[in-house]
file model.csv (CSV, C-alpha atoms)
chain,number,residue,atom,x,y,z
N,115,MET,CA,-11.3,-11.8,-13.8
N,116,SER,CA,-7.8,-13.2,-14.1
N,117,ASP,CA,-6.0,-13.8,-10.8
N,118,ASP,CA,-2.7,-12.8,-12.5
N,119,LEU,CA,-4.0,-9.5,-14.0
N,120,PHE,CA,-2.2,-7.4,-11.4
N,121,ASN,CA,0.7,-9.6,-10.3
N,122,ILE,CA,0.6,-8.1,-6.8
N,123,LYS,CA,2.7,-10.0,-4.3
N,124,VAL,CA,4.1,-9.6,-0.8
N,125,GLY,CA,6.6,-12.3,-0.2
N,126,ASP,CA,4.7,-15.6,-0.9
N,127,VAL,CA,1.3,-13.9,-0.7
N,128,SER,CA,-0.4,-13.0,-4.0
N,129,PHE,CA,-3.5,-10.7,-4.2
N,130,ARG,CA,-5.9,-11.0,-7.1
N,131,ASN,CA,-6.6,-7.2,-7.1
N,132,PRO,CA,-5.6,-4.1,-5.1
N,133,ILE,CA,-8.9,-3.5,-3.3
N,134,ALA,CA,-9.2,-4.5,0.4
N,135,LEU,CA,-11.9,-4.5,3.1
N,136,ALA,CA,-10.6,-2.7,6.1
N,137,PRO,CA,-11.0,-3.9,9.7
N,138,MET,CA,-13.8,-2.2,11.7
N,139,GLY,CA,-14.2,-3.2,15.4
N,140,GLY,CA,-17.4,-5.3,15.9
N,141,VAL,CA,-18.2,-5.1,12.2
N,142,THR,CA,-15.6,-6.8,9.9
N,143,ASP,CA,-16.1,-10.5,10.6
N,144,SER,CA,-16.3,-13.4,8.1
N,145,SER,CA,-20.0,-13.0,7.5
N,146,PHE,CA,-19.6,-9.3,6.7
N,147,ALA,CA,-16.6,-10.0,4.5
N,148,ASN,CA,-18.5,-12.8,2.6
N,149,GLU,CA,-21.4,-10.5,2.0
N,150,LYS,CA,-19.7,-7.2,1.2
N,151,ALA,CA,-16.2,-8.1,-0.1
N,152,LYS,CA,-16.5,-11.3,-2.1
N,153,ASP,CA,-14.6,-9.7,-5.0
N,154,ALA,CA,-11.8,-8.1,-2.9
N,155,GLY,CA,-8.2,-8.9,-3.1
N,156,LEU,CA,-7.8,-8.8,0.7
N,157,VAL,CA,-10.2,-8.8,3.6
N,158,ILE,CA,-8.8,-7.7,7.0
N,159,LEU,CA,-10.9,-9.1,9.9
N,160,GLY,CA,-11.1,-7.6,13.3
N,161,GLY,CA,-9.8,-5.9,15.3
N,162,TYR,CA,-9.7,-8.7,17.8
N,163,ASN,CA,-8.6,-8.2,21.4
N,164,LEU,CA,-6.1,-10.8,22.6
N,165,ASP,CA,-5.4,-10.2,26.3
N,166,GLU,CA,-7.3,-9.4,29.4
N,167,ALA,CA,-6.6,-5.7,29.3
N,168,THR,CA,-7.8,-5.2,25.7
N,169,GLN,CA,-10.9,-7.4,26.3
N,170,LYS,CA,-11.8,-5.3,29.3
N,171,ALA,CA,-11.3,-2.1,27.3
N,172,ALA,CA,-13.5,-3.6,24.5
N,173,SER,CA,-16.3,-4.3,27.1
N,174,GLU,CA,-16.1,-0.7,28.2
N,175,ILE,CA,-16.4,0.6,24.7
N,176,VAL,CA,-19.4,-1.7,24.0
N,177,ALA,CA,-21.0,-0.4,27.2
N,178,ARG,CA,-21.0,3.2,25.9
N,179,GLY,CA,-22.6,2.2,22.6
N,180,ARG,CA,-19.8,1.4,20.2
N,181,GLU,CA,-19.3,-2.0,18.5
N,182,GLU,CA,-16.4,-4.3,19.4
N,183,PHE,CA,-15.6,-8.0,19.1
N,184,GLU,CA,-15.6,-9.8,22.4
N,185,SER,CA,-14.4,-13.3,23.1
N,186,ASP,CA,-13.1,-15.4,25.9
N,187,GLU,CA,-11.1,-17.5,23.5
N,188,PRO,CA,-9.8,-15.0,20.8
N,189,LEU,CA,-7.3,-17.4,19.2
N,190,LYS,CA,-10.1,-20.0,18.5
N,191,LEU,CA,-12.3,-17.2,17.2
N,192,ILE,CA,-9.6,-16.0,14.9
N,193,GLU,CA,-8.9,-19.5,13.6
N,194,SER,CA,-12.6,-20.2,12.9
N,195,GLU,CA,-13.1,-16.8,11.3
N,196,ILE,CA,-10.3,-17.2,8.9
N,197,LYS,CA,-11.7,-20.6,7.8
N,198,ALA,CA,-15.1,-19.1,7.4
N,199,VAL,CA,-14.1,-16.6,4.8
N,200,ASN,CA,-15.1,-17.7,1.3
N,201,ASP,CA,-12.3,-18.6,-1.2
N,202,GLY,CA,-11.0,-15.7,-3.3
N,203,PRO,CA,-9.6,-12.9,-1.1
N,204,VAL,CA,-6.5,-13.2,1.0
N,205,VAL,CA,-7.3,-13.0,4.7
N,206,ALA,CA,-5.6,-10.8,7.3
N,207,VAL,CA,-6.4,-10.5,11.0
N,208,ASN,CA,-6.1,-7.2,12.8
N,209,VAL,CA,-5.3,-7.7,16.5
N,210,ARG,CA,-4.6,-5.7,19.7
N,211,SER,CA,-2.7,-6.6,22.9
N,212,THR,CA,-0.9,-4.8,25.7
N,213,THR,CA,1.9,-7.3,25.7
N,214,VAL,CA,3.7,-9.1,22.9
N,215,GLU,CA,3.2,-12.7,23.9
N,216,PRO,CA,-0.5,-12.9,22.8
N,217,LEU,CA,0.5,-11.3,19.5
N,218,ILE,CA,3.2,-14.0,18.9
N,219,GLU,CA,0.6,-16.8,19.7
N,220,ALA,CA,-1.8,-15.1,17.3
N,221,ALA,CA,0.9,-14.9,14.6
N,222,LYS,CA,1.4,-18.7,14.8
N,223,VAL,CA,-2.3,-19.4,14.4
N,224,VAL,CA,-2.6,-16.9,11.5
N,225,ARG,CA,0.6,-18.2,9.7
N,226,GLU,CA,-0.6,-21.8,10.0
N,227,ALA,CA,-3.9,-20.7,8.4
N,228,GLY,CA,-2.1,-19.1,5.5
N,229,ALA,CA,-3.3,-15.6,6.5
N,230,ILE,CA,-1.6,-12.2,7.4
N,231,LEU,CA,-1.3,-10.7,10.8
N,232,GLU,CA,-1.9,-7.0,11.3
N,233,ILE,CA,-0.9,-5.1,14.4
N,234,ASP,CA,-3.4,-2.4,15.4
N,235,ALA,CA,-1.4,0.7,16.0
N,236,HIS,CA,-4.4,2.7,14.8
N,237,CYS,CA,-7.4,2.6,17.2
N,238,ARG,CA,-7.9,5.9,19.0
N,239,GLN,CA,-10.6,4.9,21.5
N,240,LYS,CA,-9.6,6.2,24.9
N,241,GLU,CA,-10.1,2.9,26.6
N,242,MET,CA,-7.4,1.4,24.3
N,243,THR,CA,-5.0,4.2,24.2
N,244,ASP,CA,-5.1,4.5,28.0
N,245,ILE,CA,-3.7,1.0,28.3
N,246,GLY,CA,-1.0,1.6,25.7
N,247,THR,CA,-2.3,-0.1,22.7
N,248,GLY,CA,-3.8,1.1,19.4
N,249,GLN,CA,-2.7,4.5,18.4
N,250,ALA,CA,-0.7,4.8,21.7
N,251,LEU,CA,1.9,2.4,20.2
N,252,LEU,CA,2.9,5.2,17.8
N,253,THR,CA,4.3,7.2,20.7
N,254,ASP,CA,6.4,4.3,21.8
N,255,LEU,CA,8.1,3.2,18.6
N,256,THR,CA,10.8,1.3,20.5
N,257,LYS,CA,8.2,-1.0,22.0
N,258,LEU,CA,6.3,-1.3,18.7
N,259,CYS,CA,9.5,-2.2,16.7
N,260,ASP,CA,10.6,-4.7,19.3
N,261,TRP,CA,7.2,-6.4,19.0
N,262,ILE,CA,7.5,-6.4,15.2
N,263,LYS,CA,10.9,-8.1,15.4
N,264,GLN,CA,9.7,-10.8,17.8
N,265,ILE,CA,6.5,-11.4,15.8
N,266,LYS,CA,8.5,-11.8,12.5
N,267,GLU,CA,10.5,-14.6,14.1
N,268,THR,CA,7.3,-16.7,13.7
N,269,GLY,CA,7.6,-16.4,9.9
N,270,VAL,CA,4.2,-14.7,9.6
N,271,THR,CA,3.6,-12.0,6.9
N,272,LEU,CA,3.1,-8.9,9.0
N,273,SER,CA,1.1,-5.7,8.4
N,274,VAL,CA,1.1,-2.7,10.8
N,275,LYS,CA,-2.0,-0.4,10.6
N,276,VAL,CA,-1.1,3.2,11.6
N,277,ARG,CA,-2.8,6.5,11.8
N,278,ALA,CA,-1.2,9.4,10.0
N,279,ASN,CA,-0.3,12.9,11.4
N,280,VAL,CA,0.0,11.6,15.0
N,281,VAL,CA,3.9,11.5,15.2
N,282,ASP,CA,6.7,12.2,12.7
N,283,ASP,CA,5.2,10.0,9.9
N,284,ILE,CA,8.4,9.4,8.0
N,285,GLU,CA,10.4,8.5,11.1
N,286,MET,CA,7.6,6.1,12.1
N,287,VAL,CA,7.5,4.4,8.7
N,288,GLN,CA,11.2,3.9,8.4
N,289,GLN,CA,11.5,2.5,11.9
N,290,ILE,CA,8.6,0.1,11.2
N,291,GLU,CA,10.3,-1.0,8.0
N,292,SER,CA,13.7,-1.4,9.6
N,293,ALA,CA,12.0,-3.6,12.3
N,294,GLY,CA,10.9,-6.0,9.5
N,295,ALA,CA,7.3,-5.4,8.8
N,296,ASP,CA,6.1,-6.4,5.3
N,297,ILE,CA,3.1,-4.2,4.9
N,298,LEU,CA,2.2,-0.7,6.0
N,299,HIS,CA,-1.5,0.0,6.3
N,300,LEU,CA,-1.8,3.8,6.4
N,301,ASP,CA,-4.9,5.6,7.5
N,302,ALA,CA,-4.0,8.9,5.7
N,303,MET,CA,-6.1,11.0,8.1
N,304,LYS,CA,-5.7,14.7,8.2
N,305,GLU,CA,-7.7,17.6,9.7
N,306,GLY,CA,-10.7,18.4,7.6
N,307,ALA,CA,-12.2,16.1,4.9
N,308,GLY,CA,-10.5,13.6,2.7
N,309,ALA,CA,-7.1,11.8,2.8
N,310,ASP,CA,-3.7,13.4,3.1
N,311,LEU,CA,-2.5,12.7,-0.5
N,312,LYS,CA,0.8,14.6,-0.1
N,313,LEU,CA,1.6,12.4,2.9
N,314,ILE,CA,0.9,9.2,0.8
N,315,LYS,CA,3.4,10.4,-1.8
N,316,ASP,CA,6.0,11.3,0.9
N,317,VAL,CA,5.5,7.9,2.6
N,318,ARG,CA,5.9,6.1,-0.8
N,319,ASP,CA,9.2,8.0,-1.3
N,320,SER,CA,10.4,6.8,2.1
N,321,THR,CA,9.8,3.1,2.1
N,322,ARG,CA,9.7,0.0,-0.1
N,323,MET,CA,7.2,-1.7,2.1
N,324,PHE,CA,3.9,-2.8,0.5
N,325,LEU,CA,1.6,0.2,1.0
N,326,ILE,CA,-2.1,-0.1,1.7
N,327,CYS,CA,-3.9,3.3,2.0
N,328,ASN,CA,-7.1,4.1,3.7
N,329,ASN,CA,-9.4,7.0,4.5
N,330,SER,CA,-12.6,8.2,2.9
N,331,VAL,CA,-12.4,5.7,-0.1
N,332,THR,CA,-16.0,6.1,-1.3
N,333,ASP,CA,-15.6,6.0,-5.0
N,334,PHE,CA,-13.2,5.3,-7.8
N,335,GLU,CA,-11.8,8.8,-8.0
N,336,THR,CA,-10.7,8.8,-4.4
N,337,ALA,CA,-9.1,5.4,-4.9
N,338,LYS,CA,-7.3,6.6,-8.0
N,339,ASP,CA,-5.9,9.6,-6.1
N,340,MET,CA,-4.3,7.2,-3.6
N,341,PHE,CA,-3.0,4.9,-6.3
N,342,SER,CA,-1.4,7.7,-8.2
N,343,ARG,CA,0.5,8.8,-5.1
N,344,GLY,CA,2.0,5.3,-4.6
N,345,ALA,CA,-0.6,3.1,-2.8
N,346,GLU,CA,-0.3,-0.5,-4.0
N,347,MET,CA,-3.7,-1.3,-2.5
N,348,VAL,CA,-6.6,0.8,-1.0
N,349,SER,CA,-8.8,-0.4,1.8
N,350,VAL,CA,-12.5,0.5,2.2
N,351,ALA,CA,-14.1,0.9,5.6
N,352,ARG,CA,-17.3,2.9,6.3
N,353,GLY,CA,-17.9,3.3,2.5
N,354,VAL,CA,-19.2,-0.3,2.3
N,355,LEU,CA,-21.8,0.4,5.0
N,356,GLU,CA,-23.3,3.1,2.8
N,357,ASN,CA,-22.8,1.3,-0.5
N,358,GLU,CA,-22.7,-2.5,-0.3
N,359,GLY,CA,-21.6,-2.8,-3.9
N,360,LEU,CA,-18.6,-0.4,-3.5
N,361,ILE,CA,-15.9,-3.0,-3.4
N,362,THR,CA,-17.2,-4.9,-6.4
N,363,SER,CA,-17.5,-1.6,-8.3
N,364,LEU,CA,-13.9,-0.6,-7.4
N,365,VAL,CA,-12.6,-4.0,-8.4
N,366,ASN,CA,-14.3,-3.8,-11.8
N,367,MET,CA,-13.1,-0.3,-12.6
N,368,ILE,CA,-9.5,-0.8,-11.5
N,369,SER,CA,-9.4,-4.1,-13.5
N,370,THR,CA,-10.6,-2.4,-16.6
N,371,GLN,CA,-7.9,0.3,-16.2
N,372,GLN,CA,-5.3,-2.4,-15.7
N,373,ARG,CA,-6.3,-4.2,-18.8
N,374,ASP,CA,-6.6,-1.1,-20.9
N,375,VAL,CA,-3.5,0.9,-19.9
N,376,GLY,CA,-1.5,-1.2,-17.5
N,377,TRP,CA,0.3,-0.1,-14.3
N,378,TYR,CA,-2.8,0.6,-12.3
N,379,ASN,CA,-1.1,2.8,-9.7
N,380,ALA,CA,1.2,4.6,-12.1
N,381,PRO,CA,2.5,7.9,-10.5
N,382,LYS,CA,1.9,11.4,-11.7
N,383,HIS,CA,4.7,13.2,-13.5
N,384,VAL,CA,7.5,14.5,-11.4
N,385,CYS,CA,7.4,17.9,-13.1
N,386,ARG,CA,3.9,18.5,-11.8
N,387,GLY,CA,5.2,18.3,-8.2
N,388,GLU,CA,2.8,15.5,-7.4
N,389,GLY,CA,4.7,12.5,-8.7
N,390,ASP,CA,6.5,10.2,-6.3
N,391,LEU,CA,10.0,8.8,-7.1
N,392,ARG,CA,8.6,6.2,-9.5
N,393,GLY,CA,7.6,9.1,-11.8
N,394,LEU,CA,11.3,9.2,-12.9
N,395,ALA,CA,10.3,6.5,-15.4
N,396,PHE,CA,8.4,9.2,-17.3
N,397,CYS,CA,11.0,12.0,-17.1
N,398,CYS,CA,12.7,13.7,-20.0
N,399,LEU,CA,16.4,13.7,-20.5
N,400,PRO,CA,17.7,16.0,-17.7
N,401,VAL,CA,19.4,18.6,-20.0
N,402,LYS,CA,17.7,21.8,-18.7
N,403,PRO,CA,16.6,23.2,-15.3
N,404,CYS,CA,13.7,21.0,-14.1
N,405,PRO,CA,12.3,19.5,-10.9
N,406,VAL,CA,13.9,16.1,-12.0
N,407,HIS,CA,17.3,17.3,-10.8
N,408,ASN,CA,16.1,17.7,-7.2
N,409,VAL,CA,14.3,14.3,-7.4
N,410,ILE,CA,17.3,12.3,-8.7
N,411,ASP,CA,19.5,14.0,-6.1
N,412,LYS,CA,17.3,12.2,-3.4
N,413,LEU,CA,18.5,8.9,-4.9
N,414,GLY,CA,22.1,10.0,-5.3
N,415,TYR,CA,22.1,10.2,-9.1
N,416,SER,CA,23.9,12.9,-11.1
N,417,ALA,CA,22.2,13.9,-14.3
N,418,GLN,CA,24.5,11.7,-16.3
N,419,GLU,CA,24.2,8.8,-14.0
N,420,PHE,CA,20.4,9.0,-14.2
N,421,ALA,CA,20.6,9.1,-18.0
N,422,ASP,CA,22.9,6.1,-18.0
N,423,ILE,CA,20.8,4.0,-15.6
N,424,LYS,CA,17.7,4.6,-17.8
N,425,MET,CA,19.5,3.7,-21.0
N,426,GLU,CA,21.1,0.7,-19.3
N,427,PHE,CA,17.6,-0.7,-18.5
N,428,VAL,CA,15.9,-0.1,-21.8
N,429,LYS,CA,18.7,-1.7,-23.9
N,430,GLY,CA,17.2,-4.7,-25.6
N,431,THR,CA,13.6,-3.7,-24.8
N,432,MET,CA,11.0,-1.9,-26.8
N,433,LEU,CA,11.7,1.2,-24.9
N,434,GLU,CA,15.1,1.5,-26.6
N,435,TYR,CA,13.4,2.5,-29.8
N,436,GLY,CA,11.9,5.8,-30.8
N,437,ASP,CA,14.3,7.8,-33.0
N,438,SER,CA,11.4,10.1,-33.9
N,439,THR,CA,10.6,11.0,-30.3
N,440,CYS,CA,11.9,14.1,-28.5
N,441,PHE,CA,15.0,12.5,-27.1
N,442,GLY,CA,15.4,9.5,-29.5
N,443,SER,CA,14.1,6.8,-27.2
N,444,LEU,CA,10.8,5.8,-25.5
N,445,ALA,CA,12.9,5.8,-22.3
N,446,TRP,CA,12.3,9.5,-22.1
N,447,CYS,CA,8.6,9.5,-23.0
N,448,CYS,CA,5.7,10.4,-20.7
N,449,LYS,CA,2.8,8.6,-19.2
N,450,ILE,CA,0.3,7.1,-21.7
N,451,SER,CA,-2.5,9.4,-20.4
N,452,LYS,CA,-0.7,12.4,-21.7
N,453,PRO,CA,-1.3,12.9,-25.4
N,454,CYS,CA,1.8,12.6,-27.6
N,455,TYR,CA,1.6,11.8,-31.3
N,456,LEU,CA,5.3,11.1,-31.5
N,457,ARG,CA,5.3,8.5,-28.8
N,458,ASP,CA,2.0,6.9,-30.0
N,459,GLY,CA,3.3,6.7,-33.5
N,460,VAL,CA,6.4,4.7,-32.4
N,461,LEU,CA,4.2,2.4,-30.3
N,462,GLU,CA,1.9,1.8,-33.2
N,463,THR,CA,4.9,1.0,-35.5
N,464,LEU,CA,6.4,-1.4,-32.9
N,465,GLY,CA,3.1,-3.0,-32.2
N,466,VAL,CA,3.3,-2.2,-28.5
N,467,SER,CA,0.0,-1.7,-26.7
N,468,ASP,CA,-0.6,1.0,-24.1
N,469,ALA,CA,-0.5,-1.6,-21.3
N,470,GLU,CA,2.7,-3.2,-22.5
N,471,TYR,CA,4.3,0.3,-22.7
N,472,MET,CA,3.2,1.1,-19.2
N,473,ASN,CA,4.3,-2.2,-17.7
N,474,LEU,CA,7.8,-1.6,-19.2
N,475,LYS,CA,7.8,1.8,-17.6
N,476,LYS,CA,6.9,0.2,-14.2
N,477,GLU,CA,9.9,-2.2,-14.6
N,478,LEU,CA,12.0,0.8,-15.4
N,479,ALA,CA,10.9,2.7,-12.3
N,480,ASP,CA,11.7,-0.4,-10.1
N,481,TYR,CA,15.1,-0.5,-11.8
N,482,ILE,CA,15.9,3.1,-11.1
N,483,LEU,CA,14.9,2.7,-7.4
N,484,ASP,CA,16.8,-0.6,-7.0
N,485,HIS,CA,20.0,0.8,-8.3
N,486,ALA,CA,19.9,4.1,-6.4
N,487,LYS,CA,23.0,5.2,-4.5
N,488,LYS,CA,20.7,6.5,-1.7
N,489,PRO,CA,18.1,3.7,-1.1
N,490,VAL,CA,14.5,4.8,-0.7
N,491,ASN,CA,14.3,3.2,2.7
N,492,ALA,CA,17.6,4.9,3.9
N,493,LYS,CA,17.2,7.1,7.0
N,494,LYS,CA,16.7,10.7,5.9
call {"tool": "encode", "arguments": {"input": "model.csv", "output": "structure tokens"}}
result
Amino acid sequence: MSDDLFNIKVGDVSFRNPIALAPMGGVTDSSFANEKAKDAGLVILGGYNLDEATQKAASEIVARGREEFESDEPLKLIESEIKAVNDGPVVAVNVRSTTVEPLIEAAKVVREAGAILEIDAHCRQKEMTDIGTGQALLTDLTKLCDWIKQIKETGVTLSVKVRANVVDDIEMVQQIESAGADILHLDAMKEGAGADLKLIKDVRDSTRMFLICNNSVTDFETAKDMFSRGAEMVSVARGVLENEGLITSLVNMISTQQRDVGWYNAPKHVCRGEGDLRGLAFCCLPVKPCPVHNVIDKLGYSAQEFADIKMEFVKGTMLEYGDSTCFGSLAWCCKISKPCYLRDGVLETLGVSDAEYMNLKKELADYILDHAKKPVNAKK
């Protein structure tokens, strides 16, 4: 498997694929990662408890029968665990604390080891929330964002793991981004079974942070649902306990998709009502009433400006061609998964593969968002 097949990056960090092992207290250590996630693009160890208060809470959780990591020297444990992970995946470390100072010290250790730090704003165990950490941080965004700013001063690549549908999700996401976090790790939890796919789309439309999504990823279909709503990576938790080959299977299937058709997390079409803003790359020329008008308005484009920005990008690329297509250019053609003999005929004539076409559409989507008058991460 080529390490540059996906070209997934966050700052200076490159991931070989978009499948991650999620942190699970008392479970996700280096031994577990080496056994269950050797093919992953990212393994997130932890969560580890850094201060006296979280260590005491962890002991209380263990006493009632749940698993947690316990250590009198958490920084040494973190350093040794990062080193113990086999070569291949990028390593991140999920951590908890009731004050910022231990998080800063952990950030220095993690950065020195070439890993990613992840703040746990996700744990909902009462022992943790009662002392103001885990999910409780979501109800004190001022504190959380102040911590993010201080931690980022160390230069570490920073992820924040959050639980959905606890507070105003879009407000939360935009504040976390404004504070300087690099990665949002979203547990898209909702009442009932399965992940909140609509929320994933709404979050994707509200931030340019790297987006990892999690919740009930047990097979390729659930992963694809998250990818098509804007997740750049999905993380697997309990699913690997039930199926130890799950991560390898997901990596193989998403790699095949990437090789065959490109843009592994391409959005659904905007006109279906499920496509995020990136789906504008597949929209027709806006000459009739259509959901595209409402979508481009979110970015501050008029219909003419939207048409101009697409044609500006495609000039000099293979997407400029296509006289025989509906609107005279591949710029206006749809997703490769939707049958179209006009589009496919042009691609065959030009010698452009499905993957090359889709990768150009991805670049077009980025261009549309980069040049928007109302930036995606602007406050709503």
call {"tool": "atom_distance", "arguments": {"input": "model.csv", "atom1": "atom CA of N:Glu291", "atom2": "atom CA of N:Ser273"}}
result
10.3 Å
call {"tool": "residues_around", "arguments": {"input": "model.csv", "residues": "N:Asp254", "least_positions_apart": "4", "cutoff": "12 Å", "atoms": "all atoms listed in the file", "output": "PyMOL selection string"}}
result
chain N and resi 235+243+246-250+258-261+280-281+286+289-290
call {"tool": "atom_distance", "arguments": {"input": "model.csv", "atom1": "atom CA of N:Lys488", "atom2": "atom CA of N:Lys315"}}
result
17.7 Å
call {"tool": "closest_residue", "arguments": {"input": "model.csv", "among": "N:Lys338, N:Tyr415, N:Ile326, N:Asn491", "to": "N:Ile284", "atoms": "only C-alpha atoms"}}
result
N:Asn491
call {"tool": "atom_distance", "arguments": {"input": "model.csv", "atom1": "atom CA of N:Ala177", "atom2": "atom CA of N:Ala220"}}
result
26.1 Å
call {"tool": "closest_residue", "arguments": {"input": "model.csv", "among": "N:Lys266, N:His485, N:Lys312, N:Arg373", "to": "N:Gly294", "atoms": "all atoms listed in the file"}}
result
N:Lys266
call {"tool": "residues_around", "arguments": {"input": "model.csv", "residues": "stretch 204-207 of chain N", "least_positions_apart": "6", "cutoff": "9 Å", "atoms": "only C-alpha atoms", "output": "list of chain:residue names"}}
result
N:Val127, N:Ser128, N:Phe129, N:Arg130, N:Pro137, N:Ala154, N:Gly155, N:Leu156, N:Val157, N:Ile158, N:Leu159, N:Gly160, N:Gly161, N:Tyr162, N:Ile192, N:Ile196, N:Val224, N:Gly228, N:Ala229, N:Ile230, N:Leu231, N:Glu232, N:Ile233, N:Ser273
call {"tool": "build_atoms", "arguments": {"input": "model.csv", "residues": "stretch 207-224 of chain N", "atoms": "N, CA, C and O atoms", "output": "compact mmCIF listing (two decimals), in the frame of the given file"}}
result
# COMPACT_ATOMS: atom_id res chain seq x y z
N VAL N 207 -5.73 -10.59 9.68
CA VAL N 207 -6.40 -10.50 11.00
C VAL N 207 -5.77 -9.34 11.75
O VAL N 207 -4.58 -9.37 12.05
N ASN N 208 -6.57 -8.32 12.08
CA ASN N 208 -6.10 -7.20 12.80
C ASN N 208 -6.31 -7.45 14.33
O ASN N 208 -7.41 -7.83 14.76
N VAL N 209 -5.23 -7.26 15.11
CA VAL N 209 -5.30 -7.70 16.50
C VAL N 209 -4.67 -6.59 17.42
O VAL N 209 -3.85 -5.77 17.00
N ARG N 210 -5.10 -6.63 18.70
CA ARG N 210 -4.60 -5.70 19.70
C ARG N 210 -4.18 -6.50 20.95
O ARG N 210 -4.80 -7.51 21.30
N SER N 211 -3.15 -5.99 21.63
CA SER N 211 -2.70 -6.60 22.90
C SER N 211 -1.86 -5.54 23.61
O SER N 211 -1.29 -4.65 22.96
N THR N 212 -1.76 -5.67 24.94
CA THR N 212 -0.90 -4.80 25.70
C THR N 212 0.49 -5.38 25.91
O THR N 212 1.40 -4.70 26.39
N THR N 213 0.64 -6.66 25.57
CA THR N 213 1.90 -7.30 25.70
C THR N 213 2.16 -8.12 24.38
O THR N 213 1.23 -8.40 23.63
N VAL N 214 3.41 -8.50 24.15
CA VAL N 214 3.70 -9.10 22.90
C VAL N 214 3.39 -10.60 22.81
O VAL N 214 3.14 -11.14 21.72
N GLU N 215 3.36 -11.28 23.94
CA GLU N 215 3.20 -12.70 23.90
C GLU N 215 1.89 -13.17 23.22
O GLU N 215 1.92 -14.09 22.38
N PRO N 216 0.73 -12.55 23.50
CA PRO N 216 -0.50 -12.90 22.80
C PRO N 216 -0.38 -12.67 21.26
O PRO N 216 -0.96 -13.41 20.45
N LEU N 217 0.35 -11.64 20.89
CA LEU N 217 0.50 -11.30 19.50
C LEU N 217 1.35 -12.44 18.79
O LEU N 217 1.08 -12.82 17.65
N ILE N 218 2.35 -12.95 19.49
CA ILE N 218 3.20 -14.00 18.90
C ILE N 218 2.32 -15.29 18.77
O ILE N 218 2.41 -15.98 17.74
N GLU N 219 1.48 -15.59 19.77
CA GLU N 219 0.60 -16.80 19.70
C GLU N 219 -0.38 -16.60 18.51
O GLU N 219 -0.65 -17.54 17.76
N ALA N 220 -0.93 -15.40 18.37
CA ALA N 220 -1.80 -15.10 17.30
C ALA N 220 -1.12 -15.29 15.92
O ALA N 220 -1.68 -15.80 14.95
N ALA N 221 0.13 -14.83 15.86
CA ALA N 221 0.90 -14.90 14.60
C ALA N 221 1.08 -16.38 14.20
O ALA N 221 1.01 -16.71 13.01
N LYS N 222 1.28 -17.26 15.16
CA LYS N 222 1.40 -18.70 14.80
C LYS N 222 0.16 -19.27 14.27
O LYS N 222 0.18 -20.02 13.29
N VAL N 223 -0.97 -18.89 14.87
CA VAL N 223 -2.30 -19.40 14.40
C VAL N 223 -2.54 -18.83 12.98
O VAL N 223 -2.96 -19.57 12.07
N VAL N 224 -2.30 -17.56 12.78
CA VAL N 224 -2.60 -16.90 11.50
C VAL N 224 -1.65 -17.47 10.40
O VAL N 224 -2.09 -17.75 9.29
